[in-house]
Amino acid sequence: MTRKLHLLNLALAALLALTGWQIRHRWLEAREREKRVLRQPPEAAAPVAEPPLRLPEAAPASAYLEVAQRFLFSRDRNPEVIIELAAPKPMPPLPVAHGILDLGSGPTAILSERPGQTQRAYRVGDRIGEFTLADVTASELAFVWEGKEIRKKLEELKPPETAAAAEAPAPAAAKPKTAVVAATTAIASGPSDIDMGGGIRACRQGDTAPPGTVMNGYKKVVSQTPFGQVCRWEPVK
């Protein structure tokens, strides 16, 4: 009986040893397969061509008409939107022209921004009020305002009192008294308040002083130009 038990124990031990050997053998094979798989380079998958996305169609404005008309919180709502356009900016009055001078360096316009204001000399490119002087000729002036060019005759830009005086008939010549003539000569002679640049002053209208006259620190100079005689008062150095 004892002999049979020993043989049974030996058989069981041999079976356990065989089972352990099989398990280890299968584990080693599994490790080897894993190494072979990991050493293989991955296969690049072919790119999948996806169809282009279709953009959703924009809803027309008429689709919202029913929503505007059936708005529950405002029964008096008007679906028609009224857009008020801004009125165009009115153009300000053009500058007043008192004359054009040319001393050899280009024409110069004697202008004032409003009637009765101080007269100044302006050249092409100078700004007067909201306007820019764009061109000066013997009979025309051109201004630029808000990107638009306005061209006017010199007669159209003269002050109202000058234009009225030019249109009015000349009064009958009367023999003035000596005292009146002397007073008029004194007022008409001498440099005016019109600055022509560089300290040079324009002559007064009807200046009767002879060329070379020195008065109030200025000397009267008269030059002959293609446009006629040009009168000015230059500072005495």
# chains A, B, ... in the order shown; residues from 1 in each chain; ligands from 1
call {"tool": "residues_around", "arguments": {"residues": "A:Lys219", "least_positions_apart": "5", "cutoff": "9 Å", "atoms": "only C-alpha atoms", "output": "ChimeraX atom specification"}}
result
/A:190-191,211-214,232-236
call {"tool": "write_last_selection", "arguments": {"atoms": "all heavy atoms", "output": "short mmCIF file (atom, residue, chain, number, x, y, z; two decimals), in the first residue's frame"}}
result
data_model
loop_
_atom_site.label_atom_id
_atom_site.label_comp_id
_atom_site.auth_asym_id
_atom_site.auth_seq_id
_atom_site.Cartn_x
_atom_site.Cartn_y
_atom_site.Cartn_z
N GLY A 190 0.41 155.43 -49.38
CA GLY A 190 0.96 154.67 -48.26
C GLY A 190 0.63 153.20 -48.36
O GLY A 190 -0.26 152.78 -49.10
N PRO A 191 1.38 152.36 -47.64
CA PRO A 191 1.14 150.91 -47.71
C PRO A 191 -0.21 150.54 -47.11
O PRO A 191 -0.65 151.13 -46.13
CB PRO A 191 2.31 150.32 -46.90
CG PRO A 191 2.73 151.44 -45.99
CD PRO A 191 2.49 152.71 -46.73
N PRO A 211 6.65 156.57 -57.55
CA PRO A 211 7.58 155.50 -57.18
C PRO A 211 8.80 156.06 -56.46
O PRO A 211 9.32 157.13 -56.81
CB PRO A 211 7.95 154.87 -58.52
CG PRO A 211 6.82 155.21 -59.44
CD PRO A 211 6.34 156.54 -59.00
N GLY A 212 9.29 155.35 -55.45
CA GLY A 212 10.42 155.79 -54.66
C GLY A 212 10.03 156.55 -53.41
O GLY A 212 10.89 156.87 -52.58
N THR A 213 8.74 156.83 -53.22
CA THR A 213 8.28 157.53 -52.02
C THR A 213 8.48 156.64 -50.80
O THR A 213 8.16 155.45 -50.83
CB THR A 213 6.80 157.91 -52.15
OG1 THR A 213 6.63 158.72 -53.32
CG2 THR A 213 6.33 158.67 -50.93
N VAL A 214 9.02 157.19 -49.73
CA VAL A 214 9.23 156.48 -48.47
C VAL A 214 8.20 156.99 -47.47
O VAL A 214 8.10 158.20 -47.25
CB VAL A 214 10.66 156.68 -47.93
CG1 VAL A 214 10.82 155.96 -46.58
CG2 VAL A 214 11.68 156.17 -48.94
N ARG A 232 3.70 148.03 -55.17
CA ARG A 232 3.88 147.44 -53.85
C ARG A 232 4.74 148.37 -53.01
O ARG A 232 5.43 149.25 -53.53
CB ARG A 232 4.56 146.06 -53.96
CG ARG A 232 5.96 146.09 -54.56
CD ARG A 232 6.48 144.67 -54.81
NE ARG A 232 7.82 144.66 -55.33
CZ ARG A 232 8.12 144.80 -56.61
NH1 ARG A 232 7.19 144.99 -57.50
NH2 ARG A 232 9.42 144.76 -56.99
N TRP A 233 4.69 148.16 -51.69
CA TRP A 233 5.51 148.91 -50.74
C TRP A 233 6.43 147.91 -50.05
O TRP A 233 5.97 147.00 -49.40
CB TRP A 233 4.62 149.62 -49.72
CG TRP A 233 3.85 150.80 -50.29
CD1 TRP A 233 2.69 150.75 -50.97
CD2 TRP A 233 4.24 152.17 -50.22
NE1 TRP A 233 2.30 151.99 -51.36
CE2 TRP A 233 3.24 152.90 -50.89
CE3 TRP A 233 5.30 152.85 -49.66
CZ2 TRP A 233 3.28 154.29 -51.02
CZ3 TRP A 233 5.35 154.24 -49.79
CH2 TRP A 233 4.35 154.94 -50.46
N GLU A 234 7.75 148.11 -50.20
CA GLU A 234 8.74 147.22 -49.61
C GLU A 234 9.36 147.88 -48.38
O GLU A 234 9.52 149.11 -48.34
CB GLU A 234 9.85 146.90 -50.62
CG GLU A 234 9.33 146.17 -51.86
CD GLU A 234 10.46 145.85 -52.83
OE1 GLU A 234 11.62 146.30 -52.57
OE2 GLU A 234 10.19 145.15 -53.83
N PRO A 235 9.69 147.07 -47.35
CA PRO A 235 10.32 147.64 -46.17
C PRO A 235 11.67 148.28 -46.50
O PRO A 235 12.44 147.77 -47.31
CB PRO A 235 10.49 146.44 -45.23
CG PRO A 235 9.56 145.40 -45.76
CD PRO A 235 9.45 145.61 -47.22
N VAL A 236 11.90 149.41 -45.90
CA VAL A 236 13.18 150.11 -46.09
C VAL A 236 14.23 149.48 -45.20
O VAL A 236 14.04 149.39 -43.97
CB VAL A 236 13.05 151.62 -45.77
CG1 VAL A 236 14.40 152.33 -45.95
CG2 VAL A 236 12.00 152.24 -46.68
#
call {"tool": "residues_around", "arguments": {"residues": "A:Ala134", "least_positions_apart": "6", "cutoff": "7 Å", "atoms": "only C-alpha atoms", "output": "PyMOL selection string"}}
result
chain A and resi 124-125+142-144
call {"tool": "write_last_selection", "arguments": {"atoms": "C-alpha atoms", "output": "PDB file, in the first residue's frame"}}
result
ATOM      1  CA  VAL A 124      -1.565 127.637 -54.915  1.00  0.00           C
ATOM      2  CA  GLY A 125      -1.811 125.009 -52.173  1.00  0.00           C
ATOM      3  CA  ALA A 142     -10.043 127.241 -58.529  1.00  0.00           C
ATOM      4  CA  PHE A 143     -10.708 125.884 -55.047  1.00  0.00           C
ATOM      5  CA  VAL A 144     -10.919 122.329 -53.688  1.00  0.00           C
TER       6      VAL A 144
END
call {"tool": "residues_around", "arguments": {"residues": "A:Gly147", "least_positions_apart": "2", "cutoff": "12 Å", "atoms": "only C-alpha atoms", "output": "list of chain:residue names"}}
result
A:Met91, A:Glu130, A:Phe131, A:Thr132, A:Ala134, A:Phe143, A:Val144, A:Trp145, A:Glu149, A:Ile150
call {"tool": "select_by_dssp", "arguments": {"residues": "stretch 6-223 of chain A", "states": "strand (DSSP E)", "output": "ChimeraX atom specification"}}
result
/A:96-102,107-112,120-122,127-128,131-136,140-145,148-153,191-195,201-203,214-215,218-223
call {"tool": "write_last_selection", "arguments": {"atoms": "C-alpha atoms", "output": "PDB file, in the first residue's frame"}}
result
ATOM      1  CA  VAL A  96     -13.810 136.782 -51.491  1.00  0.00           C
ATOM      2  CA  ALA A  97     -11.260 137.782 -54.154  1.00  0.00           C
ATOM      3  CA  HIS A  98      -9.795 141.291 -54.167  1.00  0.00           C
ATOM      4  CA  GLY A  99      -7.294 140.893 -56.979  1.00  0.00           C
ATOM      5  CA  ILE A 100      -4.360 138.928 -58.437  1.00  0.00           C
ATOM      6  CA  LEU A 101      -0.703 139.967 -58.339  1.00  0.00           C
ATOM      7  CA  ASP A 102       2.312 138.504 -60.128  1.00  0.00           C
ATOM      8  CA  PRO A 107       0.513 134.582 -59.450  1.00  0.00           C
ATOM      9  CA  THR A 108      -0.714 135.490 -55.970  1.00  0.00           C
ATOM     10  CA  ALA A 109      -4.386 135.885 -55.086  1.00  0.00           C
ATOM     11  CA  ILE A 110      -5.484 138.525 -52.598  1.00  0.00           C
ATOM     12  CA  LEU A 111      -8.343 136.842 -50.692  1.00  0.00           C
ATOM     13  CA  SER A 112     -10.363 137.109 -47.512  1.00  0.00           C
ATOM     14  CA  ARG A 120      -4.102 138.224 -47.250  1.00  0.00           C
ATOM     15  CA  ALA A 121      -1.964 136.933 -50.111  1.00  0.00           C
ATOM     16  CA  TYR A 122      -2.493 133.244 -51.000  1.00  0.00           C
ATOM     17  CA  ARG A 127      -5.730 126.795 -47.276  1.00  0.00           C
ATOM     18  CA  ILE A 128      -8.327 129.459 -46.612  1.00  0.00           C
ATOM     19  CA  PHE A 131     -11.131 125.553 -49.065  1.00  0.00           C
ATOM     20  CA  THR A 132      -7.711 124.943 -50.639  1.00  0.00           C
ATOM     21  CA  LEU A 133      -6.515 127.217 -53.418  1.00  0.00           C
ATOM     22  CA  ALA A 134      -5.878 124.855 -56.361  1.00  0.00           C
ATOM     23  CA  ASP A 135      -5.210 127.155 -59.325  1.00  0.00           C
ATOM     24  CA  VAL A 136      -4.723 130.872 -60.041  1.00  0.00           C
ATOM     25  CA  GLU A 140     -10.090 132.539 -62.791  1.00  0.00           C
ATOM     26  CA  LEU A 141      -9.575 130.920 -59.387  1.00  0.00           C
ATOM     27  CA  ALA A 142     -10.043 127.241 -58.529  1.00  0.00           C
ATOM     28  CA  PHE A 143     -10.708 125.884 -55.047  1.00  0.00           C
ATOM     29  CA  VAL A 144     -10.919 122.329 -53.688  1.00  0.00           C
ATOM     30  CA  TRP A 145     -13.565 121.480 -51.082  1.00  0.00           C
ATOM     31  CA  LYS A 148     -14.404 118.606 -55.367  1.00  0.00           C
ATOM     32  CA  GLU A 149     -12.944 121.374 -57.539  1.00  0.00           C
ATOM     33  CA  ILE A 150     -14.871 124.646 -57.806  1.00  0.00           C
ATOM     34  CA  ARG A 151     -13.693 127.031 -60.544  1.00  0.00           C
ATOM     35  CA  LYS A 152     -15.020 130.594 -60.588  1.00  0.00           C
ATOM     36  CA  LYS A 153     -14.373 133.761 -62.553  1.00  0.00           C
ATOM     37  CA  PRO A 191       1.145 150.907 -47.709  1.00  0.00           C
ATOM     38  CA  SER A 192      -2.147 149.041 -47.184  1.00  0.00           C
ATOM     39  CA  ASP A 193      -2.900 146.304 -44.645  1.00  0.00           C
ATOM     40  CA  ILE A 194      -2.594 143.555 -47.284  1.00  0.00           C
ATOM     41  CA  ASP A 195       0.501 141.440 -46.542  1.00  0.00           C
ATOM     42  CA  ARG A 201       2.517 145.425 -48.491  1.00  0.00           C
ATOM     43  CA  ALA A 202       0.172 145.998 -51.412  1.00  0.00           C
ATOM     44  CA  CYS A 203      -0.641 149.497 -52.612  1.00  0.00           C
ATOM     45  CA  VAL A 214       9.230 156.479 -48.469  1.00  0.00           C
ATOM     46  CA  MET A 215       6.397 156.485 -45.918  1.00  0.00           C
ATOM     47  CA  TYR A 218       8.151 151.469 -46.540  1.00  0.00           C
ATOM     48  CA  LYS A 219       9.296 152.432 -50.034  1.00  0.00           C
ATOM     49  CA  LYS A 220       6.937 152.438 -53.017  1.00  0.00           C
ATOM     50  CA  VAL A 221       8.099 150.230 -55.926  1.00  0.00           C
ATOM     51  CA  VAL A 222       6.306 149.886 -59.282  1.00  0.00           C
ATOM     52  CA  SER A 223       7.287 146.991 -61.601  1.00  0.00           C
TER      53      SER A 223
END
